[in-house]
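The data block below is data11.txt; it holds compact mmCIF, C-alpha atoms (C1' of nucleotides).
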```txt
# COMPACT_ATOMS: atom_id res chain seq x y z
CA MET A 66 0.00 0.00 0.00
CA LYS A 67 1.73 3.11 -1.24
CA LYS A 68 0.81 6.55 -0.04
CA VAL A 69 0.62 9.14 -2.81
CA ARG A 70 1.93 12.40 -1.41
CA TRP A 71 0.36 15.69 -2.30
CA LEU A 72 2.44 17.98 -4.47
CA SER A 73 2.26 21.75 -4.47
CA ASP A 74 2.72 23.69 -7.69
CA ASP A 75 6.20 24.69 -6.53
CA ALA A 76 7.16 21.07 -5.96
CA ILE A 77 5.79 20.15 -9.38
CA ALA A 78 7.87 22.91 -10.95
CA LEU A 79 11.02 21.68 -9.24
CA ILE A 80 10.46 18.13 -10.42
CA ALA A 81 9.79 19.34 -13.95
CA ARG A 82 13.05 21.28 -13.87
CA ARG A 83 14.91 18.17 -12.81
CA PHE A 84 13.44 16.19 -15.66
CA SER A 85 14.19 18.93 -18.16
CA ALA A 86 17.84 18.79 -17.20
CA LEU A 87 17.88 15.34 -18.76
CA ALA A 88 15.55 16.19 -21.62
CA GLU A 89 18.26 17.27 -24.01
CA PRO A 90 20.41 15.03 -26.24
CA MET A 91 23.70 16.79 -25.62
CA ARG A 92 23.16 16.83 -21.88
CA LEU A 93 22.28 13.15 -21.93
CA LYS A 94 25.45 12.49 -23.88
CA LEU A 95 27.46 14.31 -21.23
CA VAL A 96 25.80 12.46 -18.39
CA HIS A 97 26.31 9.19 -20.19
CA ALA A 98 29.97 9.99 -20.77
CA LEU A 99 30.34 10.65 -17.05
CA PHE A 100 28.91 7.25 -16.16
CA ALA A 101 32.50 6.03 -16.50
CA GLY A 102 33.65 8.56 -13.92
CA GLU A 103 34.86 12.11 -13.46
CA LYS A 104 36.10 13.90 -16.59
CA SER A 105 37.45 17.30 -17.59
CA VAL A 106 35.60 19.69 -19.87
CA ASN A 107 38.13 19.12 -22.60
CA ALA A 108 37.71 15.38 -22.43
CA LEU A 109 33.95 15.80 -22.69
CA VAL A 110 34.28 18.16 -25.63
CA GLU A 111 36.36 15.59 -27.48
CA GLU A 112 34.15 12.67 -26.54
CA THR A 113 30.87 14.33 -27.50
CA GLY A 114 32.06 16.28 -30.50
CA GLY A 115 30.30 19.43 -29.33
CA THR A 116 31.77 22.90 -29.29
CA GLN A 117 33.51 24.01 -26.14
CA ALA A 118 30.99 26.79 -25.52
CA ASN A 119 28.03 24.45 -25.74
CA VAL A 120 29.52 21.76 -23.59
CA SER A 121 30.39 24.30 -20.95
CA ARG A 122 26.91 25.74 -20.97
CA HIS A 123 25.23 22.35 -20.67
CA LEU A 124 27.57 21.35 -17.89
CA GLN A 125 26.50 24.47 -16.06
CA THR A 126 22.86 23.59 -16.55
CA LEU A 127 23.41 20.08 -15.23
CA THR A 128 25.36 21.35 -12.27
CA GLN A 129 22.70 23.88 -11.34
CA ALA A 130 20.18 21.06 -11.53
CA HIS A 131 22.31 19.18 -8.99
CA VAL A 132 22.89 16.37 -11.45
CA LEU A 133 26.63 16.97 -11.70
CA SER A 134 29.31 18.17 -9.32
CA ARG A 135 32.15 20.51 -10.22
CA ARG A 136 35.76 20.26 -9.04
CA LYS A 137 38.40 22.72 -10.09
CA GLU A 138 42.01 21.62 -10.22
CA GLY A 139 44.50 24.07 -11.63
CA LEU A 140 43.40 25.10 -15.07
CA GLN A 141 41.03 22.23 -15.52
CA VAL A 142 37.54 21.65 -14.21
CA PHE A 143 36.31 18.14 -13.57
CA TYR A 144 32.68 17.19 -13.62
CA ALA A 145 31.11 14.06 -12.17
CA ILE A 146 27.70 12.56 -11.48
CA ALA A 147 26.58 14.11 -8.20
CA ASP A 148 23.22 12.43 -7.83
CA PRO A 149 23.40 8.62 -7.85
CA THR A 150 19.70 8.33 -8.64
CA ILE A 151 20.63 9.44 -12.16
CA PHE A 152 21.91 5.94 -12.85
CA LYS A 153 18.62 4.34 -11.97
CA LEU A 154 16.68 7.05 -13.78
CA CYS A 155 18.51 6.49 -17.04
CA GLU A 156 18.36 2.75 -16.63
CA LEU A 157 14.60 2.87 -16.17
CA VAL A 158 13.94 5.15 -19.11
CA CYS A 159 16.39 3.33 -21.32
CA GLY A 160 14.72 0.01 -20.57
CA SER A 161 11.28 1.43 -21.10
CA VAL A 162 12.15 2.92 -24.47
CA GLU A 163 13.76 -0.36 -25.47
CA LYS A 164 10.65 -2.30 -24.54
CA GLN A 165 8.45 0.09 -26.46
CA LEU A 166 10.60 -0.25 -29.56
CA ASN A 167 10.43 -4.01 -29.34
CA ARG A 168 6.66 -3.87 -29.17
CA GLN A 169 6.58 -1.65 -32.22
CA VAL A 170 8.82 -4.02 -34.14
CA GLU A 171 6.64 -6.97 -33.21
CA ALA A 172 3.47 -5.12 -34.15
CA PHE A 173 5.00 -4.25 -37.46
CA GLY A 174 5.98 -7.86 -38.05
CA VAL A 175 2.47 -9.24 -37.60
CA SER A 176 0.45 -6.28 -38.75
CA ALA A 177 -0.48 -7.71 -42.16
CA ASP A 178 -3.73 -9.67 -42.24
CA MET B 56 29.36 -5.43 -12.06
CA LYS B 57 27.16 -3.46 -14.37
CA LYS B 58 27.73 -3.26 -18.07
CA VAL B 59 27.27 0.20 -19.52
CA ARG B 60 25.61 -0.17 -22.91
CA TRP B 61 26.60 1.97 -25.81
CA LEU B 62 24.06 4.47 -26.98
CA SER B 63 23.71 5.75 -30.53
CA ASP B 64 22.67 9.32 -31.19
CA ASP B 65 19.24 8.08 -32.17
CA ALA B 66 18.84 6.22 -28.90
CA ILE B 67 19.97 9.30 -27.00
CA ALA B 68 17.38 11.38 -28.83
CA LEU B 69 14.62 8.92 -27.95
CA ILE B 70 15.55 8.94 -24.30
CA ALA B 71 15.70 12.73 -24.27
CA ARG B 72 12.21 12.82 -25.78
CA ARG B 73 10.93 10.54 -23.06
CA PHE B 74 12.37 12.75 -20.38
CA SER B 75 10.99 15.89 -22.00
CA ALA B 76 7.51 14.43 -21.83
CA LEU B 77 7.80 14.73 -18.06
CA ALA B 78 9.70 18.02 -18.10
CA GLU B 79 6.64 20.22 -18.00
CA PRO B 80 4.61 21.25 -14.94
CA MET B 81 1.18 20.79 -16.46
CA ARG B 82 2.08 17.38 -17.85
CA LEU B 83 3.46 16.33 -14.48
CA LYS B 84 0.23 17.49 -12.88
CA LEU B 85 -1.74 15.34 -15.29
CA VAL B 86 0.46 12.31 -14.70
CA HIS B 87 0.22 12.84 -10.98
CA ALA B 88 -3.56 13.12 -11.17
CA LEU B 89 -3.64 9.81 -13.03
CA PHE B 90 -1.67 8.08 -10.29
CA ALA B 91 -5.06 7.48 -8.69
CA GLY B 92 -6.28 5.74 -11.84
CA GLU B 93 -7.94 6.31 -15.20
CA LYS B 94 -9.73 9.63 -15.68
CA SER B 95 -11.64 11.49 -18.38
CA VAL B 96 -10.37 14.67 -20.01
CA ASN B 97 -13.08 16.67 -18.32
CA ALA B 98 -12.12 15.35 -14.91
CA LEU B 99 -8.49 16.25 -15.58
CA VAL B 100 -9.44 19.74 -16.75
CA GLU B 101 -11.32 20.33 -13.52
CA GLU B 102 -8.64 18.79 -11.32
CA THR B 103 -5.74 20.69 -12.84
CA GLY B 104 -7.49 23.99 -13.53
CA GLY B 105 -6.06 24.17 -17.04
CA THR B 106 -8.00 25.07 -20.17
CA GLN B 107 -9.55 22.23 -22.13
CA ALA B 108 -7.40 22.91 -25.17
CA ASN B 109 -4.17 22.82 -23.22
CA VAL B 110 -5.03 19.73 -21.27
CA SER B 111 -5.97 17.94 -24.47
CA ARG B 112 -2.68 18.95 -26.10
CA HIS B 113 -0.59 17.78 -23.19
CA LEU B 114 -2.48 14.52 -23.00
CA GLN B 115 -1.69 13.99 -26.64
CA THR B 116 1.99 14.65 -26.02
CA LEU B 117 2.06 12.20 -23.13
CA THR B 118 0.26 9.57 -25.15
CA GLN B 119 2.62 9.92 -28.09
CA ALA B 120 5.49 9.52 -25.65
CA HIS B 121 3.90 6.24 -24.54
CA VAL B 122 3.48 7.54 -21.01
CA LEU B 123 -0.31 7.43 -21.14
CA SER B 124 -2.88 5.22 -22.79
CA ARG B 125 -6.10 6.41 -24.39
CA ARG B 126 -9.49 4.71 -24.24
CA LYS B 127 -12.53 6.14 -25.94
CA GLU B 128 -15.96 5.39 -24.55
CA GLY B 129 -18.87 7.16 -26.14
CA LEU B 130 -18.28 10.87 -26.01
CA GLN B 131 -15.61 10.67 -23.38
CA VAL B 132 -11.97 9.76 -23.58
CA PHE B 133 -10.20 8.19 -20.65
CA TYR B 134 -6.49 8.43 -20.07
CA ALA B 135 -4.37 6.26 -17.81
CA ILE B 136 -0.74 5.62 -16.98
CA ALA B 137 0.49 3.24 -19.65
CA ASP B 138 4.08 2.81 -18.56
CA PRO B 139 4.44 1.56 -14.98
CA THR B 140 8.04 2.74 -14.81
CA ILE B 141 6.60 6.25 -14.53
CA PHE B 142 5.78 5.56 -10.91
CA LYS B 143 9.34 4.69 -10.04
CA LEU B 144 10.67 7.54 -12.15
CA CYS B 145 8.62 10.13 -10.32
CA GLU B 146 9.34 8.55 -7.00
CA LEU B 147 13.08 8.71 -7.64
CA VAL B 148 13.11 12.30 -8.82
CA CYS B 149 10.74 13.40 -6.13
CA GLY B 150 12.91 11.87 -3.44
CA SER B 151 16.05 13.32 -4.95
CA VAL B 152 14.64 16.83 -5.08
CA GLU B 153 13.43 16.47 -1.51
CA LYS B 154 16.87 15.41 -0.34
CA GLN B 155 18.50 18.28 -2.13
CA LEU B 156 16.12 20.78 -0.56
CA ASN B 157 16.86 19.38 2.88
CA ARG B 158 20.56 19.81 2.28
CA GLN B 159 20.01 23.40 1.23
CA VAL B 160 17.95 24.13 4.31
CA GLU B 161 20.63 22.64 6.54
CA ALA B 162 23.37 24.57 4.75
CA PHE B 163 21.39 27.73 5.19
CA GLY B 164 20.95 27.03 8.88
CA VAL B 165 24.67 26.79 9.60
CA SER B 166 25.98 29.10 6.93
CA ALA B 167 26.52 32.14 9.18
CA ASP B 168 30.00 32.36 10.69
C1' DT C 77 55.08 40.56 -16.87
C1' DA C 78 53.91 38.19 -21.24
C1' DA C 79 52.51 34.23 -23.68
C1' DC C 80 49.70 30.12 -23.25
C1' DT C 81 45.95 26.87 -21.92
C1' DA C 82 41.40 25.61 -20.06
C1' DT C 83 37.01 27.12 -19.09
C1' DA C 84 33.23 30.42 -18.83
C1' DT C 85 30.44 34.09 -20.62
C1' DC C 86 28.48 37.46 -24.11
C1' DC C 87 25.96 37.99 -28.22
C1' DA C 88 22.96 37.12 -32.15
C1' DC C 89 20.20 34.00 -34.38
C1' DA C 90 17.03 30.28 -35.25
C1' DT C 91 13.86 27.15 -33.50
C1' DA C 92 10.83 24.79 -30.24
C1' DC C 93 7.22 25.07 -27.24
C1' DG C 94 3.37 26.43 -24.08
C1' DA C 95 -0.88 29.38 -23.66
C1' DA C 96 -5.36 30.85 -25.17
C1' DC C 97 -9.00 31.67 -28.30
C1' DA C 98 -11.79 30.06 -31.89
C1' DT C 99 -13.29 26.33 -34.47
C1' DA C 100 -13.68 21.56 -36.09
C1' DT C 101 -14.75 16.75 -35.26
C1' DA C 102 -17.10 12.80 -33.09
C1' DC C 103 -20.74 10.99 -30.71
C1' DT C 104 -25.39 11.10 -28.40
C1' DT C 105 -30.15 12.23 -28.01
C1' DG C 106 -34.53 14.43 -29.12
C1' DC D 115 -31.67 15.90 -39.10
C1' DA D 116 -30.86 19.43 -35.39
C1' DA D 117 -29.05 20.50 -31.00
C1' DG D 118 -25.93 19.49 -27.44
C1' DT D 119 -21.74 17.61 -25.18
C1' DA D 120 -16.86 15.99 -25.02
C1' DT D 121 -12.62 16.20 -27.12
C1' DA D 122 -9.27 17.57 -30.64
C1' DT D 123 -7.01 20.82 -33.72
C1' DG D 124 -5.73 25.33 -36.23
C1' DT D 125 -3.68 29.64 -35.45
C1' DT D 126 -1.24 33.31 -33.40
C1' DC D 127 1.77 35.04 -30.09
C1' DG D 128 5.27 35.48 -26.68
C1' DT D 129 8.98 33.34 -24.45
C1' DA D 130 12.45 29.90 -23.55
C1' DT D 131 16.30 27.52 -25.13
C1' DG D 132 20.03 25.38 -28.09
C1' DT D 133 23.90 26.78 -31.05
C1' DG D 134 28.33 28.78 -32.53
C1' DG D 135 31.63 32.47 -32.90
C1' DA D 136 34.10 35.81 -30.44
C1' DT D 137 35.76 37.24 -26.21
C1' DA D 138 36.59 37.38 -21.23
C1' DT D 139 38.50 35.23 -17.13
C1' DA D 140 41.45 32.29 -14.34
C1' DG D 141 45.48 29.86 -13.75
C1' DT D 142 50.17 28.24 -15.41
C1' DT D 143 54.79 28.80 -17.05
C1' DA D 144 58.74 30.98 -19.16
```

What is this file in structure tokens?
Amino acid sequence: MKKVRWLSDDAIALIARRFSALAEPMRLKLVHALFAGEKSVNALVEETGGTQANVSRHLQTLTQAHVLSRRKEGLQVFYAIADPTIFKLCELVCGSVEKQLNRQVEAFGVSAD
Amino acid sequence: MKKVRWLSDDAIALIARRFSALAEPMRLKLVHALFAGEKSVNALVEETGGTQANVSRHLQTLTQAHVLSRRKEGLQVFYAIADPTIFKLCELVCGSVEKQLNRQVEAFGVSAD
DNA sequence: TAACTATATCCACATACGAACATATACTTG
DNA sequence: CAAGTATATGTTCGTATGTGGATATAGTTA
């Protein structure tokens, strides 16, 4: 028996903001790249193929959303996954999308009658 | 030992789309309202306080994202949560946001020195 | 201090997206 | 078939947001 909590408009807005942090391909790429561990901005620029300006901006967005953490060391800045729930989140969504695609493939395969 | 799958740009885009379905306050409200079970458009309009046009649009978005299912019965259309992972997703994010807020409150409480 | 590297920010532009009104469509009932 | 109800869609508008180039800032090294 699960209790469904009540959510104020402010709470709803916060949750929406958290989701929107992950609702962008480049940001997802960055998060995914960081699954392997902490990396510098430069490393992320090379790995994702984005421009330095864009990568920096998205990293800022993710950090403000408390998804990533920021550590400065000399000239470089290292980012890492700050919120461990991100792993489960991505896993869930990834699996769900996969399942949906499989269903679509199946439906397509038997759709002729 | 967890294997990190490789994700193509297309896969990334799909996952981003799924997240963006939940990255909007009104859509979250609708999803949250449907946690209690299937409801008609009219019921959702009343419960959320949105306009009929907007609610209908957002319901369409959520349905296309495979978050909700649609059942027509006479004049009315009933929507329901189609993807059970949504529950866990919201639970995770909700808890994470809550935790983060608590940390901020604590930090604020001891920040004066 | 001057050159050099890594990162962040400013700016301009294009596009996506949510809101609201009006209207169309689908279904029911007299 | 006409009127009425529930839902969807067309349209316009304002705003938010992603992008890339140029530039600013911070830190290192000669």

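Among the candidate residues D:DT131, D:DT137, D:DT142, D:DT126, the one lying nearest to DA95 (chain C) is D:DT126, with distances computed using all atoms listed in the file.
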
Hey, which bits of chain B sit within 10 Å of chain D, and for each residue what's the closest pair of atoms and how far apart in Å (one decimal), counting all atoms listed in the file, rows by chain and increasing number, as JSON lines?
```
{"residue": "B:Ser95", "atom": "CA", "partner": "D:DA120", "partner_atom": "C1'", "distance": 9.6}
{"residue": "B:Val96", "atom": "CA", "partner": "D:DT121", "partner_atom": "C1'", "distance": 7.6}
{"residue": "B:Asn97", "atom": "CA", "partner": "D:DA120", "partner_atom": "C1'", "distance": 7.7}
{"residue": "B:Gln107", "atom": "CA", "partner": "D:DT121", "partner_atom": "C1'", "distance": 8.4}
{"residue": "B:Ala108", "atom": "CA", "partner": "D:DA122", "partner_atom": "C1'", "distance": 7.9}
{"residue": "B:Ser111", "atom": "CA", "partner": "D:DA122", "partner_atom": "C1'", "distance": 7.0}
{"residue": "B:Arg112", "atom": "CA", "partner": "D:DA122", "partner_atom": "C1'", "distance": 8.1}
{"residue": "B:Gln115", "atom": "CA", "partner": "D:DA122", "partner_atom": "C1'", "distance": 9.3}
{"residue": "B:Gly129", "atom": "CA", "partner": "D:DA120", "partner_atom": "C1'", "distance": 9.1}
{"residue": "B:Leu130", "atom": "CA", "partner": "D:DA120", "partner_atom": "C1'", "distance": 5.4}
{"residue": "B:Gln131", "atom": "CA", "partner": "D:DA120", "partner_atom": "C1'", "distance": 5.7}
{"residue": "B:Val132", "atom": "CA", "partner": "D:DT121", "partner_atom": "C1'", "distance": 7.4}
```

Could you list, as a VMD selection string, every residue of chain C that has an atom within 10 Å of an atom of chain B, counting only C-alpha atoms (C1' of nucleotides)? chain C and resid 94 to 97 102 to 104

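In this structure, CA of Leu99 (chain A) sits 6.5 Å away from CA of Ile146 (chain A).
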
Could you work out which residues of chain A fall inside 7 Å of chain B? Count all atoms listed in the file, and format the result as a list in words. Ile77, Ala78, Ile80, Ala81, Arg82, Phe84, Ser85, Leu87, Ala88, Glu89, Pro90, Leu93, Thr150, Leu154, Leu157, Val158, Cys159 and Val162 of chain A

Just want the 7 Å neighbourhood of region 134-136 of chain A, counted on only C-alpha atoms (C1' of nucleotides), with same-chain residues fewer than 5 positions away dropped. Output as an mmCIF file with C-alpha atoms, keeping the file's coordinate frame.
```
data_model
loop_
_atom_site.group_PDB
_atom_site.id
_atom_site.type_symbol
_atom_site.label_atom_id
_atom_site.label_comp_id
_atom_site.auth_asym_id
_atom_site.auth_seq_id
_atom_site.Cartn_x
_atom_site.Cartn_y
_atom_site.Cartn_z
ATOM 1 C CA THR A 128 25.360 21.350 -12.270
ATOM 2 C CA VAL A 142 37.540 21.650 -14.210
ATOM 3 C CA PHE A 143 36.310 18.140 -13.570
ATOM 4 C CA TYR A 144 32.680 17.190 -13.620
ATOM 5 C CA ALA A 145 31.110 14.060 -12.170
ATOM 6 C CA ILE A 146 27.700 12.560 -11.480
ATOM 7 C CA ALA A 147 26.580 14.110 -8.200
#
```

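Coordinates place CA of Ala98 (chain B) at a distance of 22.1 Å from C1' of DA100 (chain C).
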
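The space between CA of Asn157 (chain B) and CA of Leu85 (chain B) spans 26.3 Å.
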